[in-house]
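Source file: structure-v4.txt (compact mmCIF, C-alpha atoms and all ligand atoms)
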# COMPACT_ATOMS: atom_id res chain seq x y z
CA MET A 610 -10.17 18.79 -8.78
CA THR A 611 -9.16 17.65 -12.23
CA ILE A 612 -9.27 14.00 -13.08
CA ALA A 613 -8.09 12.79 -16.44
CA PRO A 614 -11.05 11.64 -18.55
CA SER A 615 -11.45 7.91 -18.64
CA THR A 616 -13.40 5.77 -21.02
CA ASP A 617 -13.54 3.00 -18.46
CA HIS A 618 -16.38 3.78 -16.10
CA ILE A 619 -15.83 0.58 -14.14
CA ARG A 620 -12.39 1.62 -12.99
CA GLU A 621 -13.30 5.26 -12.45
CA THR A 622 -14.25 6.05 -8.88
CA PRO A 623 -16.19 9.15 -7.86
CA HIS A 624 -14.26 11.27 -5.35
CA ALA A 625 -11.10 9.28 -5.95
CA LEU A 626 -8.11 10.12 -3.79
CA LEU A 627 -5.68 8.59 -6.25
CA THR A 628 -6.29 8.31 -9.98
CA VAL A 629 -3.79 6.61 -12.23
CA SER A 630 -4.23 6.70 -15.98
CA GLY A 631 -2.09 5.95 -19.01
CA LEU A 632 0.69 4.70 -16.74
CA ASN A 633 3.68 3.23 -18.57
CA ALA A 634 6.86 2.14 -16.82
CA TRP A 635 10.33 0.96 -17.74
CA TYR A 636 13.32 -0.63 -16.01
CA GLY A 637 16.15 0.42 -18.29
CA ASP A 638 14.97 -0.54 -21.78
CA ALA A 639 12.39 -3.06 -20.54
CA HIS A 640 8.87 -1.68 -20.90
CA VAL A 641 6.87 -3.34 -18.10
CA LEU A 642 3.60 -1.35 -17.65
CA PHE A 643 1.31 -0.40 -20.54
CA ASP A 644 -1.42 2.24 -20.08
CA VAL A 645 -2.45 1.10 -16.63
CA ALA A 646 -5.51 2.88 -15.20
CA LEU A 647 -7.08 2.63 -11.77
CA SER A 648 -8.45 4.79 -9.01
CA VAL A 649 -9.12 4.40 -5.33
CA ALA A 650 -11.43 6.37 -3.06
CA PRO A 651 -11.49 6.94 0.70
CA GLY A 652 -12.84 3.88 2.54
CA GLU A 653 -12.17 1.66 -0.46
CA VAL A 654 -9.90 -1.39 -0.73
CA LEU A 655 -8.63 -2.05 -4.25
CA ALA A 656 -6.67 -5.23 -5.00
CA LEU A 657 -4.12 -5.37 -7.79
CA THR A 658 -3.89 -9.00 -8.82
CA GLY A 659 -2.01 -11.03 -11.43
CA ARG A 660 0.69 -13.66 -11.58
CA ASN A 661 4.41 -13.24 -10.85
CA GLY A 662 5.96 -10.50 -12.92
CA ALA A 663 2.59 -9.03 -13.99
CA GLY A 664 3.61 -5.59 -12.75
CA LYS A 665 1.77 -5.26 -9.44
CA SER A 666 4.74 -4.10 -7.38
CA THR A 667 5.82 -1.77 -10.17
CA VAL A 668 2.47 0.06 -10.01
CA LEU A 669 2.99 0.68 -6.29
CA LYS A 670 6.59 1.78 -6.87
CA CYS A 671 5.45 4.17 -9.60
CA VAL A 672 3.01 5.80 -7.18
CA MET A 673 5.90 6.30 -4.73
CA GLY A 674 8.35 7.47 -7.40
CA LEU A 675 10.70 4.53 -6.81
CA GLU A 676 13.03 2.61 -9.15
CA ALA A 677 11.06 2.43 -12.38
CA ARG A 678 11.01 5.22 -14.96
CA ARG A 679 7.39 6.19 -15.50
CA ARG A 680 5.13 8.20 -17.76
CA GLY A 681 1.41 8.87 -17.46
CA GLU A 682 -0.96 10.53 -15.02
CA LEU A 683 -0.83 10.09 -11.26
CA HIS A 684 -3.35 12.40 -9.61
CA TRP A 685 -3.39 12.55 -5.85
CA GLU A 686 -6.00 14.74 -4.17
CA GLY A 687 -6.23 16.71 -7.39
CA ARG A 688 -2.52 17.31 -8.00
CA SER A 689 0.11 15.40 -9.90
CA LEU A 690 2.66 13.21 -8.13
CA LEU A 691 4.99 13.31 -11.12
CA GLY A 692 8.20 15.10 -10.34
CA LEU A 693 7.80 14.84 -6.57
CA PRO A 694 10.55 13.02 -4.67
CA THR A 695 9.55 9.90 -2.74
CA HIS A 696 9.80 11.52 0.69
CA GLU A 697 7.37 14.25 -0.34
CA ILE A 698 4.96 11.69 -1.76
CA ALA A 699 5.10 9.90 1.60
CA ARG A 700 4.67 13.14 3.49
CA SER A 701 1.62 14.04 1.40
CA GLY A 702 -0.22 11.10 3.01
CA ILE A 703 0.67 7.93 1.11
CA GLY A 704 1.99 5.10 3.27
CA TYR A 705 3.97 2.34 1.53
CA VAL A 706 4.60 -1.15 2.88
CA PRO A 707 7.00 -2.87 0.46
CA GLU A 708 7.48 -6.63 0.12
CA ASP A 709 10.61 -6.68 2.26
CA ARG A 710 9.93 -5.66 5.83
CA ARG A 711 11.10 -2.18 6.74
CA ILE A 712 11.58 -2.18 10.47
CA PHE A 713 14.48 -1.51 12.77
CA THR A 714 15.49 -4.92 14.06
CA ASP A 715 17.45 -3.45 17.02
CA LEU A 716 14.42 -1.50 18.22
CA THR A 717 11.43 -2.81 20.18
CA VAL A 718 7.88 -2.89 18.86
CA LEU A 719 6.98 0.35 20.65
CA GLU A 720 10.18 2.06 19.55
CA ASN A 721 9.51 1.05 15.95
CA LEU A 722 6.02 2.52 16.19
CA GLU A 723 7.44 5.81 17.49
CA THR A 724 9.78 6.09 14.50
CA GLY A 725 6.72 6.16 12.25
CA ARG A 726 4.83 8.90 14.08
CA ARG A 727 3.77 11.92 12.03
CA ALA A 728 1.27 14.70 12.64
CA PRO A 729 -2.41 13.81 12.23
CA ARG A 730 -4.23 14.85 9.07
CA PRO A 731 -7.24 17.15 9.04
CA GLY A 732 -10.47 15.15 9.18
CA LEU A 733 -8.83 11.87 10.07
CA PRO A 734 -8.24 10.44 13.54
CA ALA A 735 -4.59 10.02 14.57
CA TRP A 736 -3.46 6.45 15.17
CA THR A 737 -2.04 5.63 18.57
CA PRO A 738 -0.01 2.58 19.67
CA GLU A 739 -3.03 1.52 21.77
CA GLN A 740 -5.32 1.46 18.72
CA LEU A 741 -2.71 -0.40 16.71
CA PHE A 742 -2.29 -2.97 19.48
CA ALA A 743 -6.06 -3.51 19.39
CA MET A 744 -5.76 -4.01 15.65
CA PHE A 745 -2.77 -6.38 15.88
CA PRO A 746 -3.19 -8.52 19.01
CA ASN A 747 0.11 -10.32 18.40
CA LEU A 748 1.99 -7.04 18.67
CA ALA A 749 0.10 -6.13 21.83
CA ALA A 750 1.56 -9.23 23.46
CA MET A 751 5.15 -8.09 22.84
CA PRO A 752 5.49 -4.28 23.07
CA HIS A 753 9.07 -4.47 24.38
CA ARG A 754 10.34 -7.25 22.15
CA ARG A 755 13.09 -6.38 19.71
CA ALA A 756 11.92 -6.81 16.15
CA ALA A 757 14.89 -9.11 15.44
CA HIS A 758 13.22 -11.69 17.70
CA MET A 759 9.83 -11.62 15.97
CA SER A 760 8.46 -13.94 13.27
CA GLY A 761 8.26 -12.76 9.68
CA GLY A 762 4.49 -12.32 9.96
CA GLU A 763 4.85 -10.28 13.15
CA GLN A 764 7.47 -8.11 11.46
CA GLN A 765 5.06 -7.63 8.57
CA MET A 766 2.35 -6.49 11.00
CA LEU A 767 4.79 -4.14 12.67
CA THR A 768 5.70 -2.63 9.30
CA ILE A 769 2.02 -1.95 8.62
CA ALA A 770 1.42 -0.59 12.12
CA ARG A 771 4.46 1.69 11.86
CA THR A 772 3.17 2.98 8.50
CA LEU A 773 -0.22 3.76 10.07
CA MET A 774 1.56 5.82 12.78
CA GLY A 775 2.30 8.23 9.93
CA ASN A 776 -1.47 8.82 9.56
CA PRO A 777 -1.62 8.19 5.81
CA ARG A 778 -4.82 8.68 3.82
CA LEU A 779 -3.83 5.96 1.34
CA VAL A 780 -1.92 2.80 2.22
CA LEU A 781 -0.06 0.77 -0.42
CA LEU A 782 0.48 -2.83 0.72
CA ASP A 783 2.68 -5.10 -1.35
CA GLU A 784 1.58 -8.74 -0.85
CA PRO A 785 0.69 -8.46 2.83
CA SER A 786 -0.29 -12.13 3.13
CA GLU A 787 2.76 -13.60 1.40
CA GLY A 788 4.79 -16.07 3.45
CA VAL A 789 2.76 -15.35 6.57
CA ALA A 790 1.12 -17.88 8.93
CA PRO A 791 -2.69 -18.27 8.59
CA ILE A 792 -3.43 -16.75 12.00
CA ILE A 793 -1.48 -13.64 11.01
CA VAL A 794 -3.19 -13.52 7.61
CA ALA A 795 -6.53 -13.44 9.43
CA GLN A 796 -5.34 -10.56 11.62
CA MET A 797 -4.05 -8.79 8.53
CA ALA A 798 -7.51 -9.07 6.91
CA GLU A 799 -9.11 -7.67 10.06
CA ALA A 800 -6.60 -4.83 10.10
CA ILE A 801 -7.43 -3.89 6.51
CA ALA A 802 -11.13 -3.88 7.42
CA GLY A 803 -10.21 -1.55 10.31
CA MET A 804 -8.36 0.83 7.98
CA LYS A 805 -11.39 0.90 5.71
CA ARG A 806 -13.67 1.73 8.64
CA GLN A 807 -11.37 4.65 9.48
CA GLY A 808 -11.92 5.97 5.96
CA LEU A 809 -8.48 5.14 4.59
CA ALA A 810 -8.00 4.10 0.99
CA VAL A 811 -6.05 0.87 0.55
CA LEU A 812 -4.32 -0.32 -2.62
CA LEU A 813 -2.84 -3.78 -2.24
CA SER A 814 -0.90 -6.09 -4.48
CA GLU A 815 -1.97 -9.65 -3.80
CA GLN A 816 -1.85 -13.11 -5.36
CA ASN A 817 -3.89 -14.90 -2.71
CA ALA A 818 -7.42 -15.08 -4.18
CA HIS A 819 -9.02 -15.98 -0.85
CA PHE A 820 -7.44 -12.96 0.79
CA VAL A 821 -8.61 -10.72 -2.07
CA ALA A 822 -12.15 -12.07 -1.83
CA ARG A 823 -12.12 -11.41 1.88
CA VAL A 824 -10.74 -7.86 1.99
CA ALA A 825 -11.16 -6.14 -1.38
CA ASP A 826 -14.08 -4.07 -2.66
CA ARG A 827 -12.76 -4.22 -6.21
CA GLU A 828 -10.02 -5.91 -8.15
CA VAL A 829 -7.85 -4.73 -11.04
CA ARG A 830 -6.07 -7.64 -12.70
CA LEU A 831 -2.77 -7.20 -14.49
CA ASP A 832 -1.30 -9.52 -17.10
CA GLN A 833 2.12 -8.76 -18.56
CA GLY A 834 1.83 -5.13 -17.52
CA ARG A 835 -1.67 -4.55 -18.90
CA VAL A 836 -5.02 -4.30 -17.13
CA VAL A 837 -7.25 -7.20 -18.18
CA ASP A 838 -10.95 -7.67 -17.48
N1 LIG B 901 14.33 -3.67 -10.40
C1 LIG B 901 13.99 -4.24 -11.56
N2 LIG B 901 14.81 -4.20 -12.64
C2 LIG B 901 14.47 -4.76 -13.81
N3 LIG B 901 13.31 -5.39 -14.03
C3 LIG B 901 12.44 -5.47 -13.02
C4 LIG B 901 12.74 -4.90 -11.73
N4 LIG B 901 11.68 -5.13 -10.91
C5 LIG B 901 10.79 -5.81 -11.65
N5 LIG B 901 11.23 -6.02 -12.91
C6 LIG B 901 10.48 -6.67 -14.00
O1 LIG B 901 9.29 -5.93 -14.22
C7 LIG B 901 8.19 -6.79 -14.46
C8 LIG B 901 7.10 -6.53 -13.41
O2 LIG B 901 7.61 -6.89 -12.15
P1 LIG B 901 6.82 -6.65 -10.79
O3 LIG B 901 7.78 -6.90 -9.69
O4 LIG B 901 6.13 -5.35 -10.84
O5 LIG B 901 5.72 -7.81 -10.84
P2 LIG B 901 4.76 -8.37 -9.70
O6 LIG B 901 3.42 -8.49 -10.33
O7 LIG B 901 4.90 -7.55 -8.49
O8 LIG B 901 5.36 -9.82 -9.46
P3 LIG B 901 5.47 -10.70 -8.13
O9 LIG B 901 4.15 -11.34 -7.95
O10 LIG B 901 6.54 -11.67 -8.43
O11 LIG B 901 5.82 -9.78 -6.99
C9 LIG B 901 8.74 -8.21 -14.42
O12 LIG B 901 9.02 -8.59 -15.73
C10 LIG B 901 10.02 -8.07 -13.62
O13 LIG B 901 10.95 -9.03 -14.00
MG MG B 902 5.49 -7.95 -6.57

Could I get this structure in the form of structure tokens?
Amino acid sequence: MTIAPSTDHIRETPHALLTVSGLNAWYGDAHVLFDVALSVAPGEVLALTGRNGAGKSTVLKCVMGLEARRRGELHWEGRSLLGLPTHEIARSGIGYVPEDRRIFTDLTVLENLETGRRAPRPGLPAWTPEQLFAMFPNLAAMPHRRAAHMSGGEQQMLTIARTLMGNPRLVLLDEPSEGVAPIIVAQMAEAIAGMKRQGLAVLLSEQNAHFVARVADREVRLDQGRVVD
């Protein structure tokens, strides 16, 4: 597998699943990311931190091929993600949980989980609703509740659980703890630890320093679209 050479040995991970280097991004004429580099390996949780507008969400969107115009290197399992449409990026094993919750409000918890189901990936166990209920006890208490009648935090959990039903190898989480009650934040941290134990790679955008300290193996901090040390 070819990984672009990096001069930054701290951010370079052996056996990385995803390697980003020289990433620049634009919304229209506004240049918002400048030579961003990072990599994440199986079983590793990497936190992207930085204040509002630093570019955290844009990095995740660039991985998924959404919204922003981008240039640079995005290597996923040894091949480039550039030029692939978003649905193929998702199908290749990258799960994305955006800031706004993506669930079907008319469907129940179990029905939402079924909409996310995809074939298992070689070498990784397939997630089942039972495992996800063990991971998210709040969801286990309401399998037949319509998502419209759940709290924001519960909807956030359901979005993550539905994404895991797709058996991704890498999960992108955009501010999973934002606007969520403390009890749910604690379950969210436990869930991320569970993903790590299953060998998944996790890349999360997060402003909550306590949450980062609790769940992340490493941190890459952004300031005005640049990685800072
Ligand atoms: N759809 C868009 N169109 C134009 N500019 C955008 C768009 N989305 C983000 N931006 C701009 O790009 C820059 C990076 O935004 P981004 O959302 O990636 O930051 P962030 O670190 O995720 O911030 P937050 O903590 O508020 O979520 C900001 O200057 C923002 O105003
Ligand atoms: Mg954001």

Using all atoms listed in the file, which residues have at least one atom no more than 10 Å from ligand LIG 901 (chain B)? Output them as a ChimeraX atom specification. /A:634-642,657-671,675-677,708,783-784,787,814-816,830-834

Grab the residues selected above and save them as a PDB file, in the frame of the given file with C-alpha atoms.
ATOM      1  CA  ALA A 634       6.860   2.140 -16.820  1.00  0.00           C
ATOM      2  CA  TRP A 635      10.330   0.960 -17.740  1.00  0.00           C
ATOM      3  CA  TYR A 636      13.320  -0.630 -16.010  1.00  0.00           C
ATOM      4  CA  GLY A 637      16.150   0.420 -18.290  1.00  0.00           C
ATOM      5  CA  ASP A 638      14.970  -0.540 -21.780  1.00  0.00           C
ATOM      6  CA  ALA A 639      12.390  -3.060 -20.540  1.00  0.00           C
ATOM      7  CA  HIS A 640       8.870  -1.680 -20.900  1.00  0.00           C
ATOM      8  CA  VAL A 641       6.870  -3.340 -18.100  1.00  0.00           C
ATOM      9  CA  LEU A 642       3.600  -1.350 -17.650  1.00  0.00           C
ATOM     10  CA  LEU A 657      -4.120  -5.370  -7.790  1.00  0.00           C
ATOM     11  CA  THR A 658      -3.890  -9.000  -8.820  1.00  0.00           C
ATOM     12  CA  GLY A 659      -2.010 -11.030 -11.430  1.00  0.00           C
ATOM     13  CA  ARG A 660       0.690 -13.660 -11.580  1.00  0.00           C
ATOM     14  CA  ASN A 661       4.410 -13.240 -10.850  1.00  0.00           C
ATOM     15  CA  GLY A 662       5.960 -10.500 -12.920  1.00  0.00           C
ATOM     16  CA  ALA A 663       2.590  -9.030 -13.990  1.00  0.00           C
ATOM     17  CA  GLY A 664       3.610  -5.590 -12.750  1.00  0.00           C
ATOM     18  CA  LYS A 665       1.770  -5.260  -9.440  1.00  0.00           C
ATOM     19  CA  SER A 666       4.740  -4.100  -7.380  1.00  0.00           C
ATOM     20  CA  THR A 667       5.820  -1.770 -10.170  1.00  0.00           C
ATOM     21  CA  VAL A 668       2.470   0.060 -10.010  1.00  0.00           C
ATOM     22  CA  LEU A 669       2.990   0.680  -6.290  1.00  0.00           C
ATOM     23  CA  LYS A 670       6.590   1.780  -6.870  1.00  0.00           C
ATOM     24  CA  CYS A 671       5.450   4.170  -9.600  1.00  0.00           C
ATOM     25  CA  LEU A 675      10.700   4.530  -6.810  1.00  0.00           C
ATOM     26  CA  GLU A 676      13.030   2.610  -9.150  1.00  0.00           C
ATOM     27  CA  ALA A 677      11.060   2.430 -12.380  1.00  0.00           C
ATOM     28  CA  GLU A 708       7.480  -6.630   0.120  1.00  0.00           C
ATOM     29  CA  ASP A 783       2.680  -5.100  -1.350  1.00  0.00           C
ATOM     30  CA  GLU A 784       1.580  -8.740  -0.850  1.00  0.00           C
ATOM     31  CA  GLU A 787       2.760 -13.600   1.400  1.00  0.00           C
ATOM     32  CA  SER A 814      -0.900  -6.090  -4.480  1.00  0.00           C
ATOM     33  CA  GLU A 815      -1.970  -9.650  -3.800  1.00  0.00           C
ATOM     34  CA  GLN A 816      -1.850 -13.110  -5.360  1.00  0.00           C
ATOM     35  CA  ARG A 830      -6.070  -7.640 -12.700  1.00  0.00           C
ATOM     36  CA  LEU A 831      -2.770  -7.200 -14.490  1.00  0.00           C
ATOM     37  CA  ASP A 832      -1.300  -9.520 -17.100  1.00  0.00           C
ATOM     38  CA  GLN A 833       2.120  -8.760 -18.560  1.00  0.00           C
ATOM     39  CA  GLY A 834       1.830  -5.130 -17.520  1.00  0.00           C
TER      40      GLY A 834
END

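Near Leu655 (chain A), within 8 Å and counting all atoms listed in the file, sit Val649, Val811, Leu812, Leu813, Ala825, Asp826, Arg827, Glu828 and Val829 of chain A; same-chain residues fewer than 3 positions away were not included.
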
What are the closest atom pairs, with distances in Å to one decimal, for all residues of region 760-784 of chain A lying within 12 Å of region 691-698 of chain A? Consider all atoms listed in the file, order rows by chain and residue number, and present the result as a tab-separated table.
residue	atom	partner	partner_atom	distance
A:Pro777	CA	A:Ile698	CA	10.6
A:Arg778	CA	A:Ile698	CA	11.7
A:Leu779	CA	A:Ile698	CA	10.9
A:Val780	CA	A:Ile698	CA	11.9

How would the residues just chosen look if you wrote them out with C-alpha atoms as a short mmCIF file (atom, residue, chain, number, x, y, z; two decimals), in the frame of the given file?
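Saved result, again00.cif, follows:
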data_model
loop_
_atom_site.label_atom_id
_atom_site.label_comp_id
_atom_site.auth_asym_id
_atom_site.auth_seq_id
_atom_site.Cartn_x
_atom_site.Cartn_y
_atom_site.Cartn_z
CA PRO A 777 -1.62 8.19 5.81
CA ARG A 778 -4.82 8.68 3.82
CA LEU A 779 -3.83 5.96 1.34
CA VAL A 780 -1.92 2.80 2.22
#

Using all atoms listed in the file, pick whichever of A:Leu773, A:Arg700, A:Pro785, A:Gly732 has the shortest atom-to-atom distance to ligand MG 902 (chain B). A:Pro785

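Taking CA of Val706 (chain A) and CA of Asp838 (chain A) as the two end points, the separation is 26.4 Å.
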
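If you look at CA of Asp644 (chain A) and atom MG of ligand MG 902 (chain B), they are 18.3 Å away from each other.
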
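Distance-wise, CA of Pro729 (chain A) and CA of Gly775 (chain A) end up 7.7 Å apart.
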
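Residue nearest ligand MG 902 (chain B) within the list A:Glu763, A:Glu723, A:Asp715, A:Asp709: A:Asp709 [criterion: smallest interatomic distance, all atoms listed in the file].
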
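Closest approach to ligand MG 902 (chain B) among A:Ala798, A:Leu782, A:Ala735, A:Ala625: A:Leu782, based on all atoms listed in the file.
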
Please provide as a ChimeraX atom specification all residues within 12 Å of Arg755 (chain A), with the sequence filter that same-chain residues fewer than 3 positions apart are discarded (counting only C-alpha atoms). /A:712-722,748,751-752,758-760,763-764,767

Considering all atoms listed in the file, return as a ChimeraX atom specification whatever protein or nucleic-acid residues lie within 8 Å of Ala800 (chain A), sequence-local ones (same chain, fewer than 4 positions apart) excluded. /A:744-745,796,804

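Nearest residue to ligand MG 902 (chain B), choosing from A:Glu799, A:Pro707, A:Gly762, A:Lys805 and counting all atoms listed in the file: A:Pro707.
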
Selected residue of minimal separation from Ala646 (chain A) among A:Arg727, A:Arg710, A:Arg806, A:His684, counting all atoms listed in the file: A:His684

Hey, which of A:Leu632, A:Val645, A:Val794, A:Ala818 ends up closest to Arg679 (chain A)? Count only C-alpha atoms. A:Leu632
